[in-house]
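Structure file query_12.txt; described as compact mmCIF, C-alpha atoms.
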# COMPACT_ATOMS: atom_id res chain seq x y z
CA MET A 201 -13.31 -68.63 -36.82
CA SER A 202 -14.00 -64.96 -36.12
CA LYS A 203 -11.64 -62.49 -37.78
CA ASN A 204 -12.03 -60.10 -34.85
CA VAL A 205 -9.13 -59.56 -32.46
CA ILE A 206 -9.66 -58.34 -28.92
CA VAL A 207 -6.93 -56.17 -27.37
CA ILE A 208 -7.18 -55.83 -23.60
CA GLY A 209 -5.57 -52.54 -22.63
CA GLY A 210 -5.35 -49.18 -24.39
CA GLY A 211 -1.85 -48.13 -23.40
CA ALA A 212 1.15 -47.87 -25.71
CA ALA A 213 1.37 -51.65 -26.25
CA GLY A 214 -2.35 -52.17 -26.84
CA ILE A 215 -2.75 -49.28 -29.28
CA GLU A 216 0.40 -50.15 -31.25
CA ALA A 217 -0.61 -53.82 -31.57
CA ALA A 218 -4.13 -52.80 -32.57
CA GLY A 219 -2.79 -50.43 -35.20
CA GLN A 220 -0.61 -53.09 -36.82
CA LEU A 221 -3.52 -55.55 -36.87
CA ALA A 222 -5.92 -52.95 -38.25
CA MET A 223 -3.52 -52.11 -41.09
CA ALA A 224 -3.43 -55.82 -41.91
CA GLY A 225 -7.23 -55.75 -42.30
CA TYR A 226 -8.35 -57.28 -39.01
CA PRO A 227 -11.22 -55.70 -37.06
CA VAL A 228 -9.87 -54.88 -33.58
CA ILE A 229 -11.84 -54.20 -30.42
CA ILE A 230 -9.85 -52.53 -27.63
CA ILE A 231 -11.08 -52.88 -24.05
CA GLU A 232 -9.79 -49.93 -22.02
CA LYS A 233 -10.50 -49.48 -18.30
CA GLY A 234 -9.89 -45.72 -18.33
CA GLN A 235 -11.59 -42.73 -19.91
CA GLU A 236 -8.71 -42.15 -22.33
CA ILE A 237 -6.16 -44.24 -24.17
CA GLY A 238 -2.46 -43.85 -23.40
CA GLY A 239 -2.07 -45.70 -20.11
CA HIS A 240 0.76 -44.48 -17.87
CA LEU A 241 1.94 -42.08 -20.57
CA LEU A 242 -0.94 -39.81 -19.56
CA ASP A 243 0.66 -39.39 -16.12
CA TRP A 244 4.20 -38.70 -17.33
CA TYR A 245 5.71 -35.37 -18.33
CA HIS A 246 9.04 -35.87 -20.08
CA LEU A 247 10.41 -39.21 -21.28
CA PHE A 248 13.99 -40.40 -20.93
CA PRO A 249 16.61 -40.24 -22.27
CA ASP A 250 15.89 -37.25 -24.54
CA ARG A 251 13.20 -35.75 -22.26
CA ARG A 252 10.66 -35.66 -25.05
CA ASN A 253 7.21 -34.47 -24.02
CA SER A 254 4.95 -37.50 -23.51
CA VAL A 255 2.11 -35.59 -25.21
CA GLU A 256 3.83 -36.24 -28.55
CA VAL A 257 3.78 -40.02 -28.04
CA VAL A 258 0.15 -39.91 -26.84
CA SER A 259 -0.69 -37.96 -30.01
CA TYR A 260 0.97 -40.73 -32.06
CA LEU A 261 -1.24 -43.30 -30.30
CA ASN A 262 -4.37 -41.22 -30.86
CA ASP A 263 -3.60 -41.08 -34.59
CA ILE A 264 -3.35 -44.89 -34.67
CA ALA A 265 -6.69 -45.21 -32.88
CA GLU A 266 -8.40 -43.32 -35.73
CA ASN A 267 -8.10 -46.39 -38.00
CA ARG A 268 -11.61 -47.42 -39.06
CA ASN A 269 -10.84 -51.07 -38.25
CA ILE A 270 -10.36 -50.17 -34.56
CA SER A 271 -13.19 -49.88 -32.06
CA ILE A 272 -12.43 -48.70 -28.52
CA LEU A 273 -14.65 -49.53 -25.58
CA LYS A 274 -13.62 -47.17 -22.76
CA ASN A 275 -14.45 -47.36 -19.06
CA ARG A 276 -14.71 -51.12 -19.39
CA GLN A 277 -13.31 -54.06 -17.45
CA THR A 278 -13.27 -57.63 -18.69
CA GLU A 279 -16.01 -59.41 -16.76
CA LYS A 280 -15.78 -62.92 -18.19
CA ILE A 281 -13.85 -64.72 -20.93
CA GLU A 282 -14.78 -68.13 -22.29
CA ARG A 283 -13.74 -70.17 -25.30
CA ASN A 284 -16.01 -72.18 -27.55
CA LYS A 285 -15.16 -73.88 -30.86
CA GLY A 286 -11.99 -71.88 -31.39
CA ASN A 287 -13.48 -68.46 -30.65
CA PHE A 288 -13.19 -66.37 -27.53
CA HIS A 289 -16.32 -64.88 -25.99
CA LEU A 290 -15.74 -61.85 -23.79
CA ARG A 291 -18.24 -59.94 -21.68
CA THR A 292 -17.34 -56.51 -20.32
CA SER A 293 -18.42 -54.81 -17.11
CA ALA A 294 -20.82 -52.74 -19.21
CA GLY A 295 -22.51 -55.83 -20.64
CA ASP A 296 -20.85 -55.83 -24.08
CA GLU A 297 -20.65 -59.29 -25.66
CA ILE A 298 -17.70 -59.73 -28.04
CA GLU A 299 -16.52 -62.69 -30.09
CA ALA A 300 -12.99 -62.92 -31.45
CA GLY A 301 -10.53 -65.38 -32.91
CA ALA A 302 -7.58 -64.11 -30.88
CA ILE A 303 -6.79 -61.98 -27.84
CA VAL A 304 -3.85 -59.66 -27.23
CA VAL A 305 -3.22 -59.06 -23.53
CA ALA A 306 -1.73 -55.59 -23.05
CA THR A 307 -2.71 -54.93 -19.46
CA GLY A 308 0.55 -53.17 -18.62
CA PHE A 309 1.70 -52.66 -15.04
CA ASP A 310 0.77 -51.01 -11.76
CA LEU A 311 3.22 -48.94 -9.77
CA PHE A 312 4.29 -50.42 -6.48
CA ARG A 313 2.23 -48.97 -3.64
CA SER A 314 4.86 -47.04 -1.74
CA GLU A 315 2.83 -46.92 1.48
CA LYS A 316 3.79 -50.58 1.94
CA LYS A 317 7.31 -49.38 2.76
CA GLU A 318 6.37 -47.70 6.03
CA GLU A 319 9.98 -46.84 6.85
CA TYR A 320 9.93 -44.24 4.05
CA GLY A 321 6.87 -42.48 5.42
CA TYR A 322 4.77 -42.23 2.27
CA GLY A 323 1.24 -41.32 3.29
CA ILE A 324 2.53 -40.57 6.81
CA TYR A 325 4.77 -37.53 6.42
CA ASP A 326 4.16 -34.45 4.34
CA ASN A 327 6.52 -34.01 1.38
CA VAL A 328 7.27 -37.70 0.92
CA ILE A 329 6.05 -38.31 -2.62
CA THR A 330 6.50 -40.85 -5.44
CA SER A 331 8.13 -40.44 -8.83
CA ALA A 332 4.63 -40.38 -10.35
CA ASP A 333 3.60 -37.56 -8.00
CA LEU A 334 6.67 -35.58 -9.06
CA GLU A 335 5.79 -35.99 -12.74
CA LYS A 336 2.41 -34.38 -12.03
CA MET A 337 4.22 -31.46 -10.40
CA PHE A 338 6.45 -31.10 -13.46
CA ARG A 339 3.36 -31.08 -15.68
CA ALA A 340 1.68 -28.46 -13.47
CA GLY A 341 4.83 -26.33 -13.58
CA ASP A 342 5.46 -25.95 -9.85
CA ILE A 343 7.57 -28.01 -7.43
CA LEU A 344 6.17 -27.03 -4.07
CA LEU A 345 6.06 -28.35 -0.53
CA LYS A 346 2.83 -28.68 1.41
CA ASN A 347 3.43 -25.22 2.87
CA GLY A 348 3.61 -23.69 -0.60
CA LYS A 349 7.37 -23.08 -0.55
CA ALA A 350 9.91 -24.46 -3.00
CA PRO A 351 12.18 -27.22 -1.61
CA SER A 352 15.90 -26.50 -1.32
CA LYS A 353 17.12 -30.02 -0.46
CA ILE A 354 15.57 -33.01 -2.24
CA GLY A 355 16.34 -36.71 -2.03
CA LEU A 356 15.42 -39.48 -4.48
CA VAL A 357 15.33 -43.09 -3.27
CA HIS A 358 15.91 -45.83 -5.85
CA CYS A 359 14.48 -49.37 -5.81
CA VAL A 360 11.28 -48.76 -3.84
CA GLY A 361 9.41 -52.05 -4.14
CA SER A 362 12.03 -53.58 -6.42
CA ARG A 363 14.98 -55.86 -5.57
CA ASP A 364 13.36 -56.09 -2.17
CA GLU A 365 12.75 -59.44 -0.50
CA LYS A 366 10.47 -57.90 2.13
CA SER A 367 8.21 -56.52 -0.60
CA GLY A 368 8.19 -59.87 -2.37
CA ASN A 369 9.76 -58.35 -5.47
CA LEU A 370 13.24 -59.72 -6.07
CA TYR A 371 13.38 -58.48 -9.67
CA CYS A 372 14.75 -55.18 -10.94
CA SER A 373 12.14 -52.79 -12.37
CA LYS A 374 14.82 -51.72 -14.83
CA LEU A 375 13.73 -48.11 -15.37
CA CYS A 376 13.85 -46.62 -11.86
CA CYS A 377 17.50 -45.57 -12.11
CA VAL A 378 17.12 -43.65 -15.35
CA THR A 379 13.85 -42.14 -14.13
CA ALA A 380 15.62 -40.88 -11.01
CA VAL A 381 18.45 -39.40 -13.08
CA LYS A 382 16.01 -37.67 -15.44
CA GLN A 383 13.98 -36.27 -12.56
CA ALA A 384 17.10 -35.14 -10.69
CA ILE A 385 18.20 -33.14 -13.74
CA GLU A 386 14.77 -31.58 -14.13
CA LEU A 387 14.67 -30.65 -10.44
CA ARG A 388 18.02 -28.88 -10.75
CA GLU A 389 16.84 -27.07 -13.88
CA LYS A 390 13.60 -25.89 -12.28
CA LEU A 391 15.20 -25.17 -8.89
CA PRO A 392 18.78 -24.07 -9.71
CA SER A 393 19.64 -23.25 -6.10
CA SER A 394 18.49 -26.64 -4.80
CA LYS A 395 20.63 -29.59 -3.75
CA VAL A 396 19.57 -33.00 -5.07
CA PHE A 397 20.68 -36.37 -3.68
CA CYS A 398 20.13 -39.83 -5.20
CA PHE A 399 20.28 -42.80 -2.82
CA TYR A 400 21.00 -45.92 -4.85
CA MET A 401 22.02 -49.57 -4.47
CA ASP A 402 23.88 -49.60 -7.79
CA MET A 403 23.22 -47.72 -11.01
CA ARG A 404 21.62 -49.81 -13.76
CA MET A 405 21.73 -47.63 -16.86
CA GLY A 406 21.27 -50.27 -19.55
CA GLY A 407 19.65 -48.33 -22.38
CA ALA A 408 20.83 -46.18 -25.27
CA HIS A 409 22.05 -42.78 -24.00
CA TYR A 410 21.21 -43.65 -20.38
CA GLU A 411 24.86 -43.53 -19.29
CA GLU A 412 25.30 -40.15 -20.95
CA LEU A 413 22.31 -38.85 -18.98
CA TYR A 414 23.90 -40.14 -15.77
CA LEU A 415 27.16 -38.33 -16.54
CA GLU A 416 25.24 -35.15 -17.38
CA ALA A 417 23.49 -35.29 -14.00
CA GLN A 418 26.84 -35.41 -12.21
CA GLU A 419 28.99 -33.12 -14.32
CA LYS A 420 26.54 -30.46 -15.49
CA HIS A 421 23.89 -30.44 -12.77
CA ALA A 422 25.93 -31.40 -9.68
CA VAL A 423 23.53 -34.12 -8.53
CA SER A 424 24.99 -36.04 -5.58
CA PHE A 425 24.83 -39.83 -5.82
CA ILE A 426 25.09 -41.71 -2.53
CA ARG A 427 25.52 -45.48 -2.70
CA GLY A 428 23.49 -46.88 0.16
CA LYS A 429 19.95 -47.76 1.19
CA VAL A 430 17.78 -45.41 3.21
CA SER A 431 16.92 -47.21 6.45
CA GLU A 432 14.61 -44.74 8.13
CA VAL A 433 12.74 -41.47 7.55
CA GLY A 434 11.56 -39.22 10.35
CA VAL A 435 10.67 -35.59 10.99
CA ALA A 436 12.85 -33.01 12.79
CA HIS A 437 11.56 -30.30 15.15
CA ASN A 438 11.67 -27.75 12.34
CA GLY A 439 9.43 -29.94 10.16
CA SER A 440 12.11 -31.11 7.73
CA LEU A 441 12.54 -34.77 6.88
CA VAL A 442 15.41 -36.63 8.56
CA ILE A 443 16.95 -39.35 6.41
CA LYS A 444 19.12 -42.07 7.90
CA ALA A 445 21.16 -44.15 5.47
CA GLU A 446 24.50 -45.86 5.02
CA ASP A 447 27.10 -44.60 2.59
CA THR A 448 28.60 -47.94 1.58
CA LEU A 449 31.41 -46.34 -0.43
CA ALA A 450 32.57 -44.24 2.51
CA GLY A 451 31.74 -47.04 4.94
CA ARG A 452 29.84 -44.87 7.39
CA PRO A 453 26.25 -44.08 8.40
CA ILE A 454 24.85 -40.70 7.34
CA ARG A 455 22.04 -38.44 8.49
CA ILE A 456 20.64 -35.76 6.16
CA GLU A 457 17.82 -33.28 6.59
CA LEU A 458 15.72 -32.80 3.45
CA ASP A 459 12.67 -30.78 2.45
CA MET A 460 11.30 -33.39 0.04
CA LEU A 461 11.81 -37.12 -0.53
CA VAL A 462 10.87 -38.78 -3.83
CA LEU A 463 10.38 -42.56 -3.95
CA MET A 464 11.19 -44.33 -7.21
CA ALA A 465 8.28 -46.80 -7.24
CA GLY A 466 8.89 -50.02 -9.18
CA MET A 467 6.59 -51.91 -11.53
CA GLU A 468 4.27 -54.77 -10.61
CA MET A 469 1.84 -56.97 -12.50
CA SER A 470 -1.38 -54.98 -12.96
CA GLU A 471 -4.58 -55.86 -11.16
CA GLY A 472 -6.28 -56.30 -14.54
CA GLY A 473 -3.54 -58.69 -15.62
CA ARG A 474 -4.04 -60.83 -12.53
CA LYS A 475 -7.73 -61.22 -13.35
CA ILE A 476 -7.01 -62.15 -16.98
CA SER A 477 -4.46 -64.69 -15.78
CA SER A 478 -7.09 -66.35 -13.62
CA ASP A 479 -9.83 -66.29 -16.27
CA LEU A 480 -7.69 -67.75 -19.05
CA HIS A 481 -5.39 -69.92 -16.89
CA LEU A 482 -2.34 -68.05 -18.14
CA SER A 483 1.05 -68.85 -16.63
CA THR A 484 2.93 -66.29 -14.57
CA GLY A 485 6.55 -66.29 -13.45
CA SER A 486 8.17 -65.85 -10.06
CA ASN A 487 7.92 -62.09 -10.62
CA ARG A 488 4.14 -62.54 -11.10
CA PHE A 489 4.21 -61.01 -14.60
CA PHE A 490 2.89 -63.15 -17.47
CA SER A 491 5.27 -65.93 -18.43
CA SER A 492 5.75 -66.53 -22.16
CA ILE A 493 6.39 -69.98 -23.60
CA ASP A 494 10.00 -69.09 -24.43
CA ASN A 495 12.12 -66.17 -23.23
CA HIS A 496 14.26 -66.08 -26.37
CA TYR A 497 11.98 -66.60 -29.37
CA GLY A 498 8.44 -66.70 -27.99
CA SER A 499 8.05 -63.72 -25.68
CA ASN A 500 4.67 -62.81 -27.20
CA LEU A 501 3.27 -66.34 -26.93
CA SER A 502 1.21 -67.53 -23.96
CA ASN A 503 0.51 -71.07 -22.84
CA GLU A 504 -3.04 -70.67 -24.24
CA ASN A 505 -3.42 -71.03 -28.00
CA GLY A 506 -4.74 -67.79 -29.49
CA VAL A 507 -3.72 -65.55 -26.57
CA PHE A 508 -0.74 -63.23 -27.09
CA TYR A 509 1.20 -60.77 -24.93
CA ALA A 510 2.25 -57.21 -25.72
CA GLY A 511 4.35 -54.89 -23.57
CA THR A 512 4.90 -54.60 -19.84
CA CYS A 513 2.41 -57.26 -18.84
CA THR A 514 5.40 -59.61 -19.29
CA ALA A 515 8.19 -57.53 -17.70
CA PRO A 516 9.27 -53.92 -17.11
CA MET A 517 9.99 -52.20 -20.44
CA SER A 518 10.76 -48.74 -21.76
CA ILE A 519 8.45 -47.09 -24.31
CA PRO A 520 10.63 -48.08 -27.33
CA GLU A 521 10.80 -51.67 -26.06
CA THR A 522 7.04 -51.71 -25.49
CA ILE A 523 6.31 -50.48 -29.02
CA SER A 524 8.64 -53.09 -30.54
CA HIS A 525 7.13 -55.87 -28.42
CA ALA A 526 3.62 -54.84 -29.48
CA ARG A 527 4.56 -54.93 -33.16
CA ALA A 528 5.98 -58.41 -32.68
CA ALA A 529 2.74 -59.46 -30.95
CA ALA A 530 0.72 -58.29 -33.96
CA THR A 531 2.95 -60.35 -36.26
CA GLU A 532 2.32 -63.45 -34.15
CA VAL A 533 -1.46 -62.83 -34.19
CA ILE A 534 -1.52 -62.45 -37.97
CA ARG A 535 0.46 -65.67 -38.40
CA TYR A 536 -1.92 -67.48 -36.05
CA MET A 537 -5.06 -66.15 -37.72
CA LYS A 538 -3.86 -67.10 -41.18
CA ASN A 539 -2.80 -70.60 -40.19
CA THR A 540 -5.86 -71.33 -38.05
CA GLY A 541 -8.29 -69.96 -40.60
CA LYS A 542 -7.18 -72.37 -43.32
Any chance you could give the structure as structure tokens?
Amino acid sequence: MSKNVIVIGGGAAGIEAAGQLAMAGYPVIIIEKGQEIGGHLLDWYHLFPDRRNSVEVVSYLNDIAENRNISILKNRQTEKIERNKGNFHLRTSAGDEIEAGAIVVATGFDLFRSEKKEEYGYGIYDNVITSADLEKMFRAGDILLKNGKAPSKIGLVHCVGSRDEKSGNLYCSKLCCVTAVKQAIELREKLPSSKVFCFYMDMRMGGAHYEELYLEAQEKHAVSFIRGKVSEVGVAHNGSLVIKAEDTLAGRPIRIELDMLVLMAGMEMSEGGRKISSDLHLSTGSNRFFSSIDNHYGSNLSNENGVFYAGTCTAPMSIPETISHARAAATEVIRYMKNTGK
């Protein structure tokens, strides 16, 4: 059996798993679809809850990738995967032929395409953007409307493409609430005279220091939290956005004019993950993410012997959770390789 391990995906999970395997002496080949490693971290500015610059975490991943046991094939897609006599044979879109004894699937997630929610006006109205778009603005250093002016009234809509039967996603993306809170604070810091509103179904702040961040947003930065779903977005005569929603705590409908609306896009199974699932006949759950053989003690294990999962290809996760899950995946691969190679 080949001692090589293929890792599909060069984001946080893929690089961390590869690093652990490389330190254990296994040659690792990473297949990365992009020009750089880092995945979605490359698009983010500050990370919750401590608002650490994502560049620092990307630098950590780049240091791992320097291990001489790691080879990275960039700008590649998996074209075909077959199994023969215990080994996996993978061909990339660039024609690379790779043989390995095990595969780690770390294909991550795609953000929900917000244009599917037409009622919010993404791609229709100017100044309706996504949380990912806002991160790029933070990185660039300017929060500006299409007309070049700074917004004075900004709304953030939670649960866009999550917990939504019409979108086909009944699950919670888990990190939208804390992302909205972090971004609301940063908006108030960069635009001190602005008013910021969060429209939420209910606040799910289930991580360490998340609740403290939520309290900071209210008490220190005067962010307004309105419990109720946005039902419609339109444009007023003066060009501002008109938001119609229901304040379920006050029990009344509300209408607010805003300069900018930010949609908290949820997580979905990645397109690359869907292809891998088809090629290797891997099981997926009702949420369409990869389904492990056991939710409690086998979250890294697939239904296919020799194929392992790392990170958000199985469910929405934070960066710390992703790193931990990737390390656990490497442990499972090492155990498998040692037992199978006997």
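With all atoms listed in the file as the atoms that count, the residue of A:Val257, A:Leu387, A:Cys376, A:Met201 with the shortest distance to Asn284 in chain A is A:Met201.
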Exercise. Show which residues sit within 7 Å of range 444-459 of chain A, as a count of residues only. Count all atoms listed in the file, and ignore same-chain residues fewer than 6 positions away.
Key: 13
Subject >> Residue neighbourhood Gly466 in chain A, 7 Å, only C-alpha atoms, exclusion window fewer than 6 positions, as an MDAnalysis selection string >> reply: chainID A and resid 311:312 359:362 373 376
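Between CA of Gln277 in chain A and CA of Glu297 in chain A there is a distance of 12.2 Å.
Comparing A:Gly434, A:Gly214, A:Gly498, A:Gly341 by their smallest distance to Ile523 in chain A, the closest is A:Gly214 (using only C-alpha atoms).
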The distance between CA of Ile343 in chain A and CA of Ile237 in chain A is 27.1 Å
- Query: Quick one: residues within 6 Å of Ser502 in chain A, all atoms listed in the file counted, chain neighbours fewer than 3 positions away excluded, as a count of residues only?
  - Reply: 4
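For Ile519 in chain A, the list of residues within 10 Å, based on all atoms listed in the file and with local chain neighbours fewer than 2 positions off taken out, reads A:Ala212, A:Ala213, A:Leu241, A:Leu247, A:Phe248, A:Val257, A:Gly511, A:Thr512, A:Pro516, A:Met517, A:Glu521, A:Thr522, A:Ile523, A:Ser524, A:His525.
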Would you compute an axis-aligned box for range 504-516 of chain A, covering every atom listed for it in the file with 5 Å of margin on each side, and report centre and edge lengths in Å to one decimal as JSON?
{"center_x": 2.3, "center_y": -62.5, "center_z": -23.3, "size_x": 24.0, "size_y": 27.1, "size_z": 22.4}
>> Using only C-alpha atoms, list the residues that have an atom at most 7 Å from (16.1, -48.4, -21.8), coordinates as in the file, as a PyMOL selection string.
In response: chain A and resi 375+406-408+518
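Distances from A:Thr307, A:Leu461, A:Ile215, A:Ser271 to Gly323 in chain A were compared using all atoms listed in the file, and the smallest one belongs to A:Leu461.
Between CA of Pro227 in chain A and CA of Ile206 in chain A the interatomic distance comes to 8.7 Å.
For the choices A:Asp479, A:Glu504, A:Glu335, A:Glu468, the atom-to-atom distance to Asp243 in chain A is smallest for A:Glu335 when using all atoms listed in the file.
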